[in-house]
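Engineer: Input final.cif, format and content: mmCIF, C-alpha atoms.
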data_start
loop_
_atom_site.label_atom_id
_atom_site.label_comp_id
_atom_site.auth_asym_id
_atom_site.auth_seq_id
_atom_site.Cartn_x
_atom_site.Cartn_y
_atom_site.Cartn_z
CA GLU A 191 -72.23 -83.48 42.15
CA GLN A 192 -69.34 -83.80 39.71
CA GLY A 193 -70.00 -86.53 37.17
CA GLY A 194 -68.03 -87.69 34.16
CA TRP A 195 -64.75 -89.45 34.84
CA ALA A 196 -64.18 -87.79 38.22
CA LYS A 197 -67.22 -88.85 40.25
CA LYS A 198 -67.11 -86.65 43.32
CA ILE A 199 -69.12 -84.39 45.55
CA ILE A 200 -67.44 -80.99 45.48
CA MET A 201 -67.98 -77.56 47.00
CA ILE A 202 -66.95 -74.47 45.08
CA GLU A 203 -66.00 -71.20 46.79
CA MET A 204 -66.63 -68.12 44.66
CA ASP A 205 -65.62 -64.51 45.30
CA ALA A 206 -68.76 -62.47 44.61
CA LYS A 207 -66.73 -59.43 43.57
CA THR A 208 -63.95 -60.89 41.42
CA LYS A 209 -65.91 -64.01 40.29
CA ARG A 210 -62.81 -66.09 40.98
CA SER A 211 -63.56 -69.57 42.21
CA ARG A 212 -61.80 -72.63 43.59
CA ARG A 213 -62.65 -76.15 44.68
CA LEU A 214 -62.97 -75.83 48.42
CA LEU A 215 -63.62 -79.45 49.31
CA ALA A 216 -64.29 -82.77 47.64
CA LYS A 217 -65.40 -86.28 48.50
CA ASP A 218 -65.49 -89.39 46.32
CA PHE A 219 -68.85 -91.06 45.80
CA GLU A 220 -69.28 -94.03 48.11
CA LYS A 221 -69.98 -97.17 46.13
CA GLY A 222 -73.59 -98.27 46.48
CA LYS A 223 -74.64 -95.15 48.41
CA LYS A 224 -76.91 -92.54 46.88
CA VAL A 225 -76.87 -88.91 47.96
CA ASN A 226 -78.97 -85.94 46.94
CA TYR A 227 -77.64 -82.68 48.33
CA MET A 228 -80.47 -80.15 48.14
CA GLY A 229 -79.49 -77.46 50.64
CA LEU A 230 -76.36 -75.62 51.73
CA VAL A 231 -75.64 -72.96 54.34
CA VAL A 232 -72.18 -71.74 55.34
CA LYS A 233 -71.94 -70.04 58.74
CA ASN A 234 -68.54 -68.98 60.01
CA SER A 235 -66.28 -72.01 59.53
CA LYS A 236 -68.99 -74.66 59.20
CA ALA A 237 -71.05 -75.85 56.24
CA TYR A 238 -74.48 -77.41 56.69
CA ILE A 239 -75.35 -79.72 53.79
CA ALA A 240 -78.84 -81.21 53.44
CA ASP A 241 -78.80 -84.79 52.12
CA ASN A 242 -82.37 -85.55 51.10
CA TYR A 243 -81.80 -89.24 50.31
CA ASN A 244 -80.26 -90.05 53.68
CA ASP A 245 -82.49 -87.91 55.93
CA THR A 246 -79.60 -85.95 57.37
CA ILE A 247 -77.89 -82.59 57.46
CA LEU A 248 -74.12 -82.95 57.47
CA VAL A 249 -72.14 -80.54 59.64
CA VAL A 250 -68.77 -80.00 57.96
CA ASP A 251 -65.82 -78.15 59.50
CA ILE A 252 -64.35 -76.10 56.63
CA ALA A 253 -61.87 -74.00 58.65
CA ALA A 254 -58.82 -75.77 57.18
CA ASN A 255 -60.31 -75.66 53.69
CA LEU A 256 -60.87 -71.90 53.90
CA ALA A 257 -57.40 -71.26 55.32
CA ALA A 258 -55.60 -73.21 52.58
CA LYS A 259 -53.98 -71.38 49.69
CA PRO A 260 -55.85 -71.83 46.38
CA GLN A 261 -54.09 -74.37 44.17
CA GLY A 262 -55.42 -73.33 40.76
CA PHE A 263 -56.77 -75.69 38.12
CA GLY A 264 -55.08 -78.64 36.49
CA TRP A 265 -56.33 -81.82 34.88
CA ASN A 266 -53.94 -83.77 37.08
CA ARG A 267 -55.87 -82.52 40.12
CA VAL A 268 -59.35 -83.44 38.92
CA TYR A 269 -59.09 -87.02 40.17
CA LYS A 270 -57.15 -86.35 43.35
CA ILE A 271 -58.28 -84.86 46.64
CA ALA A 272 -55.64 -82.84 48.47
CA ASP A 273 -55.47 -82.91 52.27
CA HIS A 274 -56.84 -79.37 52.49
CA GLU A 275 -59.81 -80.34 50.28
CA LYS A 276 -61.04 -83.27 52.38
CA MET A 277 -64.58 -83.16 53.75
CA ASN A 278 -64.31 -83.12 57.54
CA ILE A 279 -67.77 -84.20 58.72
CA ILE A 280 -68.03 -83.47 62.44
CA ASN A 281 -71.70 -84.22 63.00
CA GLU A 282 -74.92 -85.36 61.37
CA ILE A 283 -78.34 -83.94 62.21
CA PRO A 284 -81.23 -86.39 61.60
CA VAL A 285 -83.88 -84.52 59.59
CA GLU A 286 -86.69 -86.06 57.56
CA LYS A 287 -86.18 -85.42 53.82
CA PRO A 288 -84.29 -82.12 54.17
CA GLY A 289 -84.41 -79.81 51.17
CA ARG A 290 -83.72 -76.11 50.66
CA THR A 291 -81.83 -74.70 53.65
CA ARG A 292 -81.41 -71.07 54.66
CA PRO A 293 -79.79 -69.14 57.54
CA PHE A 294 -82.51 -67.85 59.88
CA ASP A 295 -80.56 -66.10 62.64
CA ASP A 296 -77.26 -66.54 64.46
CA ASP A 297 -78.38 -69.79 66.09
CA HIS A 298 -80.84 -71.33 63.65
CA LEU A 299 -81.29 -72.71 60.16
CA ILE A 300 -84.67 -72.84 58.43
CA VAL A 301 -85.16 -75.98 56.38
CA VAL A 302 -87.75 -77.62 54.12
CA SER A 303 -88.33 -81.06 55.66
CA GLY A 304 -90.72 -83.37 53.83
CA LYS A 305 -94.01 -81.46 53.69
CA ASN A 306 -93.00 -79.14 56.50
CA VAL A 307 -90.62 -76.29 57.27
CA VAL A 308 -88.56 -76.54 60.46
CA LEU A 309 -86.11 -74.49 62.50
CA ILE A 310 -82.89 -76.22 63.55
CA ASN A 311 -80.80 -74.95 66.44
CA ILE A 312 -77.16 -75.29 65.34
CA ASN A 313 -75.96 -75.40 68.96
CA ASP A 314 -77.96 -78.36 70.31
CA PHE A 315 -79.58 -79.56 67.03
CA ALA A 316 -83.10 -79.19 68.44
CA ILE A 317 -85.74 -79.20 65.69
CA LYS A 318 -88.91 -77.10 65.88
CA PRO A 319 -91.69 -77.33 63.26
CA VAL A 320 -92.74 -73.91 62.00
CA ILE A 321 -94.97 -74.70 59.02
CA THR A 322 -96.77 -78.04 58.60
CA GLY A 323 -99.13 -79.64 56.12
CA LEU A 324 -97.66 -78.26 52.89
CA THR A 325 -98.39 -80.01 49.59
CA ASN A 326 -95.07 -80.26 47.75
CA PRO A 327 -92.61 -77.64 49.03
CA GLY A 328 -89.47 -76.95 47.02
CA GLY A 329 -88.30 -73.33 47.16
CA LEU A 330 -87.55 -71.53 50.42
CA ALA A 331 -86.52 -67.99 51.34
CA TRP A 332 -86.44 -65.93 54.53
CA ASP A 333 -86.82 -62.16 54.75
CA PRO A 334 -85.29 -61.06 58.09
CA VAL A 335 -86.56 -57.49 57.65
CA LYS A 336 -90.23 -58.26 57.00
CA ARG A 337 -89.94 -61.45 59.12
CA GLU A 338 -91.58 -63.47 56.37
CA ILE A 339 -91.01 -67.04 55.16
CA TYR A 340 -91.53 -67.77 51.46
CA VAL A 341 -92.27 -71.34 50.40
CA GLY A 342 -92.39 -72.39 46.76
CA GLU A 343 -95.06 -75.06 46.26
CA MET A 344 -94.29 -77.30 43.30
CA GLU A 345 -96.66 -79.56 41.30
CA PRO A 346 -99.69 -79.38 41.47
CA LEU A 347 -100.01 -75.93 43.07
CA HIS A 348 -97.22 -73.85 41.45
CA VAL A 349 -97.51 -70.94 43.90
CA VAL A 350 -95.43 -69.16 46.53
CA LYS A 351 -96.95 -69.13 50.00
CA VAL A 352 -95.95 -66.33 52.36
CA PHE A 353 -95.95 -66.99 56.11
CA ASP A 354 -95.03 -64.94 59.14
CA GLU A 355 -92.15 -66.14 61.32
CA HIS A 356 -94.55 -68.20 63.44
CA GLY A 357 -95.94 -70.12 60.46
CA LYS A 358 -99.21 -68.25 59.92
CA LEU A 359 -100.18 -67.93 56.25
CA ARG A 360 -100.32 -64.29 55.19
CA ARG A 361 -100.90 -64.50 51.44
CA THR A 362 -100.30 -66.53 48.29
CA ILE A 363 -98.45 -65.37 45.17
CA GLY A 364 -99.65 -66.74 41.82
CA LYS A 365 -102.54 -68.90 40.65
CA GLU A 366 -102.88 -72.56 41.51
CA ALA A 367 -101.94 -73.98 38.11
CA PRO A 368 -98.88 -74.37 35.87
CA HIS A 369 -98.17 -71.88 33.10
CA GLN A 370 -101.17 -71.27 30.90
CA LEU A 371 -101.27 -69.82 27.39
CA SER A 372 -103.80 -67.09 26.69
CA THR A 373 -106.24 -68.20 23.99
CA GLU A 374 -106.19 -64.67 22.60
CA THR A 375 -102.54 -63.55 22.73
CA ARG A 376 -100.85 -67.00 22.97
CA LEU A 377 -98.68 -65.50 25.73
CA PHE A 378 -98.12 -66.93 29.19
CA ASP A 379 -100.39 -65.65 31.92
CA LYS A 380 -98.15 -63.33 33.94
CA ASP A 381 -99.83 -64.42 37.17
CA ASN A 382 -98.87 -68.07 36.74
CA LEU A 383 -95.72 -69.65 38.14
CA GLU A 384 -94.21 -73.00 37.22
CA SER A 385 -92.70 -74.94 40.14
CA PRO A 386 -90.92 -72.08 41.99
CA ILE A 387 -87.95 -74.17 43.13
CA GLY A 388 -85.48 -71.31 43.68
CA LEU A 389 -86.44 -68.34 45.87
CA GLU A 390 -84.33 -65.46 47.15
CA VAL A 391 -85.00 -62.07 48.74
CA ASP A 392 -82.58 -59.35 47.63
CA ALA A 393 -81.22 -56.37 49.58
CA ASN A 394 -84.15 -54.23 48.42
CA GLY A 395 -86.74 -56.66 49.73
CA HIS A 396 -87.71 -58.01 46.31
CA LEU A 397 -88.53 -61.70 45.98
CA TRP A 398 -86.91 -63.49 43.02
CA ALA A 399 -88.19 -66.85 41.80
CA CYS A 400 -86.46 -69.42 39.60
CA GLU A 401 -88.96 -71.77 37.98
CA GLY A 402 -88.36 -75.42 37.24
CA ASN A 403 -90.14 -77.60 34.71
CA GLU A 404 -89.56 -80.39 32.24
#
Translate the structure described by the file into structure tokens.
Structural biologist:
Amino acid sequence: EQGGWAKKIIMIEMDAKTKRSRRLLAKDFEKGKKVNYMGLVVKNSKAYIADNYNDTILVVDIAANLAAKPQGFGWNRVYKIADHEKMNIINEIPVEKPGRTRPFDDDHLIVVSGKNVVLININDFAIKPVITGLTNPGGLAWDPVKREIYVGEMEPLHVVKVFDEHGKLRRTIGKEAPHQLSTETRLFDKDNLESPIGLEVDANGHLWACEGNE
């Protein structure tokens, strides 16, 4: 969400090797309409964008955006949207309060939805609940090697729950409490997490957590 003078929703494409980036697409804010984009997956030439406020996942065709030649940066371009930057929404998938979104396999996305985690078939948009009855899920990661789903529970639990691919709880990482200071060392308890909102599994199978607090 680009604020300031140029109020737009934008998507940035970044080359992981060169760190070069460009504005891939943009869309002006619609007057009177709130959006809260909380999840993004790009598969082939489509982007799947989770809009939590409007209970939908937007399916955006980005083929033309990807094929266009990068235009570089210029202040005269901040306020304008070029033809090759337009957001071409081709479908909308109704999903209750969608949040963090991850690729699951060739045909499915895995998505935080309200207090649940669901699988969405990107071919027919069928939705299948995988994990239900969570407290306040925020972070989400999928390990395709171990076949494990990681869910970051926010306030009041502050833990990461680990499930198998069928939604059975295997274990919990962390203590059920926010960061605590040791009365002896005045250091944070290393076993405490604080709202693990960002989760990712790296190529070596390690789970990384980004905490969020106020």
Engineer: List the spatial neighbours of stretch 226-229 of chain A as a PyMOL selection string - criterion: any atom at most 9 Å away, only C-alpha atoms, same-chain residues fewer than 2 positions off excluded.
Structural biologist: chain A and resi 191+224+231+238-244+247+288-292+301-302
Engineer: Do you know which residues are at most 7 Å from A:Ile321 counting all atoms listed in the file, after dropping those on the same chain fewer than 3 positions away, and could you put them as a PDB file with C-alpha atoms, in the frame of the given file?
Structural biologist:
ATOM      1  CA  ASN A 306     -93.000 -79.140  56.500  1.00  0.00           C
ATOM      2  CA  VAL A 307     -90.620 -76.290  57.270  1.00  0.00           C
ATOM      3  CA  VAL A 308     -88.560 -76.540  60.460  1.00  0.00           C
ATOM      4  CA  GLY A 357     -95.940 -70.120  60.460  1.00  0.00           C
TER       5      GLY A 357
END
Engineer: Run the PyMOL selection byres ((chain A and resi 369) around 7) on the file and write out the hits as number ranges by chain.
Structural biologist: A: 367-368, 370-371, 378-379, 382-384
Engineer: Which residues, protein or nucleic acid, reach to within 10 Å of (-85.3, -83.9, 67.2) in the file's coordinates when using all atoms listed in the file, and can you give that as a list of chain:residue names?
Structural biologist: A:Ile283, A:Pro284, A:Val285, A:Glu286, A:Ile310, A:Asp314, A:Phe315, A:Ala316, A:Ile317, A:Lys318, A:Pro319
Engineer: Evaluating the PyMOL selection byres ((chain A and resi 322-336) around 6) on the displayed file yields which residues, as a PyMOL selection string?
Structural biologist: chain A and resi 290+305-306+321+337-344+386-390
Engineer: Can you list, as a ChimeraX atom specification, the residues that the PyMOL selection byres ((chain A and resi 197-199) around 12) selects here?
Structural biologist: /A:191-196,200-202,213-221,224-227,239,241,268-271,275-277
Engineer: Could you turn the residues from that selection into a file that holds C-alpha atoms, as an mmCIF file, in the coordinates of the input?
Structural biologist:
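part-v2.cif, freshly written:
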data_model
loop_
_atom_site.group_PDB
_atom_site.id
_atom_site.type_symbol
_atom_site.label_atom_id
_atom_site.label_comp_id
_atom_site.auth_asym_id
_atom_site.auth_seq_id
_atom_site.Cartn_x
_atom_site.Cartn_y
_atom_site.Cartn_z
ATOM 1 C CA GLU A 191 -72.230 -83.480 42.150
ATOM 2 C CA GLN A 192 -69.340 -83.800 39.710
ATOM 3 C CA GLY A 193 -70.000 -86.530 37.170
ATOM 4 C CA GLY A 194 -68.030 -87.690 34.160
ATOM 5 C CA TRP A 195 -64.750 -89.450 34.840
ATOM 6 C CA ALA A 196 -64.180 -87.790 38.220
ATOM 7 C CA ILE A 200 -67.440 -80.990 45.480
ATOM 8 C CA MET A 201 -67.980 -77.560 47.000
ATOM 9 C CA ILE A 202 -66.950 -74.470 45.080
ATOM 10 C CA ARG A 213 -62.650 -76.150 44.680
ATOM 11 C CA LEU A 214 -62.970 -75.830 48.420
ATOM 12 C CA LEU A 215 -63.620 -79.450 49.310
ATOM 13 C CA ALA A 216 -64.290 -82.770 47.640
ATOM 14 C CA LYS A 217 -65.400 -86.280 48.500
ATOM 15 C CA ASP A 218 -65.490 -89.390 46.320
ATOM 16 C CA PHE A 219 -68.850 -91.060 45.800
ATOM 17 C CA GLU A 220 -69.280 -94.030 48.110
ATOM 18 C CA LYS A 221 -69.980 -97.170 46.130
ATOM 19 C CA LYS A 224 -76.910 -92.540 46.880
ATOM 20 C CA VAL A 225 -76.870 -88.910 47.960
ATOM 21 C CA ASN A 226 -78.970 -85.940 46.940
ATOM 22 C CA TYR A 227 -77.640 -82.680 48.330
ATOM 23 C CA ILE A 239 -75.350 -79.720 53.790
ATOM 24 C CA ASP A 241 -78.800 -84.790 52.120
ATOM 25 C CA VAL A 268 -59.350 -83.440 38.920
ATOM 26 C CA TYR A 269 -59.090 -87.020 40.170
ATOM 27 C CA LYS A 270 -57.150 -86.350 43.350
ATOM 28 C CA ILE A 271 -58.280 -84.860 46.640
ATOM 29 C CA GLU A 275 -59.810 -80.340 50.280
ATOM 30 C CA LYS A 276 -61.040 -83.270 52.380
ATOM 31 C CA MET A 277 -64.580 -83.160 53.750
#
Engineer: Have a look at A:Leu230, A:Ile280, A:Ile312, A:Ala399 and name the one nearest to A:Val350; count all atoms listed in the file.
Structural biologist: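 Closest to A:Val350 of all the choices is A:Ala399.
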Engineer: Rank A:Trp398, A:Asn278, A:Lys223, A:Asn266 by their smallest atom-to-atom distance to A:Val250, using only C-alpha atoms, and report the top residue only.
Structural biologist: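 Closest to A:Val250 of all the choices is A:Asn278.
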Engineer: Mind checking which residues fall within 9 Å of A:Asp296, counting all atoms listed in the file, ignoring those fewer than 3 positions away in the same chain, and posting them as a ChimeraX atom specification?
Structural biologist: /A:233,293,299,312
Engineer: Restricting the calculation to only C-alpha atoms: of A:Ile252, A:Ala237, A:Gly262, A:Asn281, which residue gets closest to A:Arg210?
Structural biologist: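 Nearest candidate to A:Arg210 out of A:Ile252, A:Ala237, A:Gly262, A:Asn281: A:Gly262.
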Engineer: Just save stretch 380-393 of chain A with N, CA, C and O atoms, as a PDB file, in the first residue's frame.
Structural biologist:
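The resulting file, decode-v7.pdb, is shown below:
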ATOM      1  N   LYS A 380      14.548 -17.169  26.225  1.00  0.00           N
ATOM      2  CA  LYS A 380      14.785 -17.599  24.840  1.00  0.00           C
ATOM      3  C   LYS A 380      13.702 -18.525  24.315  1.00  0.00           C
ATOM      4  O   LYS A 380      13.619 -18.744  23.099  1.00  0.00           O
ATOM      5  N   ASP A 381      12.868 -19.056  25.187  1.00  0.00           N
ATOM      6  CA  ASP A 381      11.801 -19.958  24.748  1.00  0.00           C
ATOM      7  C   ASP A 381      10.484 -19.241  24.505  1.00  0.00           C
ATOM      8  O   ASP A 381       9.484 -19.868  24.176  1.00  0.00           O
ATOM      9  N   ASN A 382      10.479 -17.925  24.679  1.00  0.00           N
ATOM     10  CA  ASN A 382       9.268 -17.147  24.422  1.00  0.00           C
ATOM     11  C   ASN A 382       9.300 -16.519  23.039  1.00  0.00           C
ATOM     12  O   ASN A 382      10.340 -16.038  22.588  1.00  0.00           O
ATOM     13  N   LEU A 383       8.157 -16.506  22.388  1.00  0.00           N
ATOM     14  CA  LEU A 383       7.973 -15.781  21.139  1.00  0.00           C
ATOM     15  C   LEU A 383       7.009 -14.630  21.385  1.00  0.00           C
ATOM     16  O   LEU A 383       6.275 -14.628  22.381  1.00  0.00           O
ATOM     17  N   GLU A 384       6.997 -13.670  20.464  1.00  0.00           N
ATOM     18  CA  GLU A 384       6.062 -12.558  20.566  1.00  0.00           C
ATOM     19  C   GLU A 384       5.344 -12.414  19.224  1.00  0.00           C
ATOM     20  O   GLU A 384       5.917 -11.954  18.246  1.00  0.00           O
ATOM     21  N   SER A 385       4.106 -12.891  19.156  1.00  0.00           N
ATOM     22  CA  SER A 385       3.289 -12.766  17.949  1.00  0.00           C
ATOM     23  C   SER A 385       4.056 -13.132  16.675  1.00  0.00           C
ATOM     24  O   SER A 385       4.435 -12.269  15.889  1.00  0.00           O
ATOM     25  N   PRO A 386       4.301 -14.426  16.445  1.00  0.00           N
ATOM     26  CA  PRO A 386       5.070 -14.861  15.260  1.00  0.00           C
ATOM     27  C   PRO A 386       4.274 -14.685  13.968  1.00  0.00           C
ATOM     28  O   PRO A 386       3.712 -15.635  13.431  1.00  0.00           O
ATOM     29  N   ILE A 387       4.282 -13.464  13.450  1.00  0.00           N
ATOM     30  CA  ILE A 387       3.452 -13.110  12.292  1.00  0.00           C
ATOM     31  C   ILE A 387       4.071 -13.548  10.974  1.00  0.00           C
ATOM     32  O   ILE A 387       3.374 -13.832  10.002  1.00  0.00           O
ATOM     33  N   GLY A 388       5.410 -13.602  10.904  1.00  0.00           N
ATOM     34  CA  GLY A 388       6.079 -13.991   9.666  1.00  0.00           C
ATOM     35  C   GLY A 388       6.828 -15.297   9.844  1.00  0.00           C
ATOM     36  O   GLY A 388       7.713 -15.392  10.699  1.00  0.00           O
ATOM     37  N   LEU A 389       6.480 -16.312   9.073  1.00  0.00           N
ATOM     38  CA  LEU A 389       7.135 -17.619   9.158  1.00  0.00           C
ATOM     39  C   LEU A 389       7.609 -18.039   7.780  1.00  0.00           C
ATOM     40  O   LEU A 389       6.932 -17.811   6.783  1.00  0.00           O
ATOM     41  N   GLU A 390       8.790 -18.662   7.732  1.00  0.00           N
ATOM     42  CA  GLU A 390       9.314 -19.173   6.464  1.00  0.00           C
ATOM     43  C   GLU A 390      10.255 -20.331   6.745  1.00  0.00           C
ATOM     44  O   GLU A 390      11.010 -20.315   7.725  1.00  0.00           O
ATOM     45  N   VAL A 391      10.182 -21.352   5.888  1.00  0.00           N
ATOM     46  CA  VAL A 391      11.095 -22.496   5.974  1.00  0.00           C
ATOM     47  C   VAL A 391      12.127 -22.339   4.872  1.00  0.00           C
ATOM     48  O   VAL A 391      11.783 -22.180   3.697  1.00  0.00           O
ATOM     49  N   ASP A 392      13.433 -22.377   5.250  1.00  0.00           N
ATOM     50  CA  ASP A 392      14.464 -22.183   4.237  1.00  0.00           C
ATOM     51  C   ASP A 392      14.845 -23.501   3.562  1.00  0.00           C
ATOM     52  O   ASP A 392      14.275 -24.565   3.864  1.00  0.00           O
ATOM     53  N   ALA A 393      15.807 -23.422   2.643  1.00  0.00           N
ATOM     54  CA  ALA A 393      16.195 -24.603   1.849  1.00  0.00           C
ATOM     55  C   ALA A 393      16.813 -25.703   2.697  1.00  0.00           C
ATOM     56  O   ALA A 393      16.878 -26.860   2.266  1.00  0.00           O
TER      57      ALA A 393
END
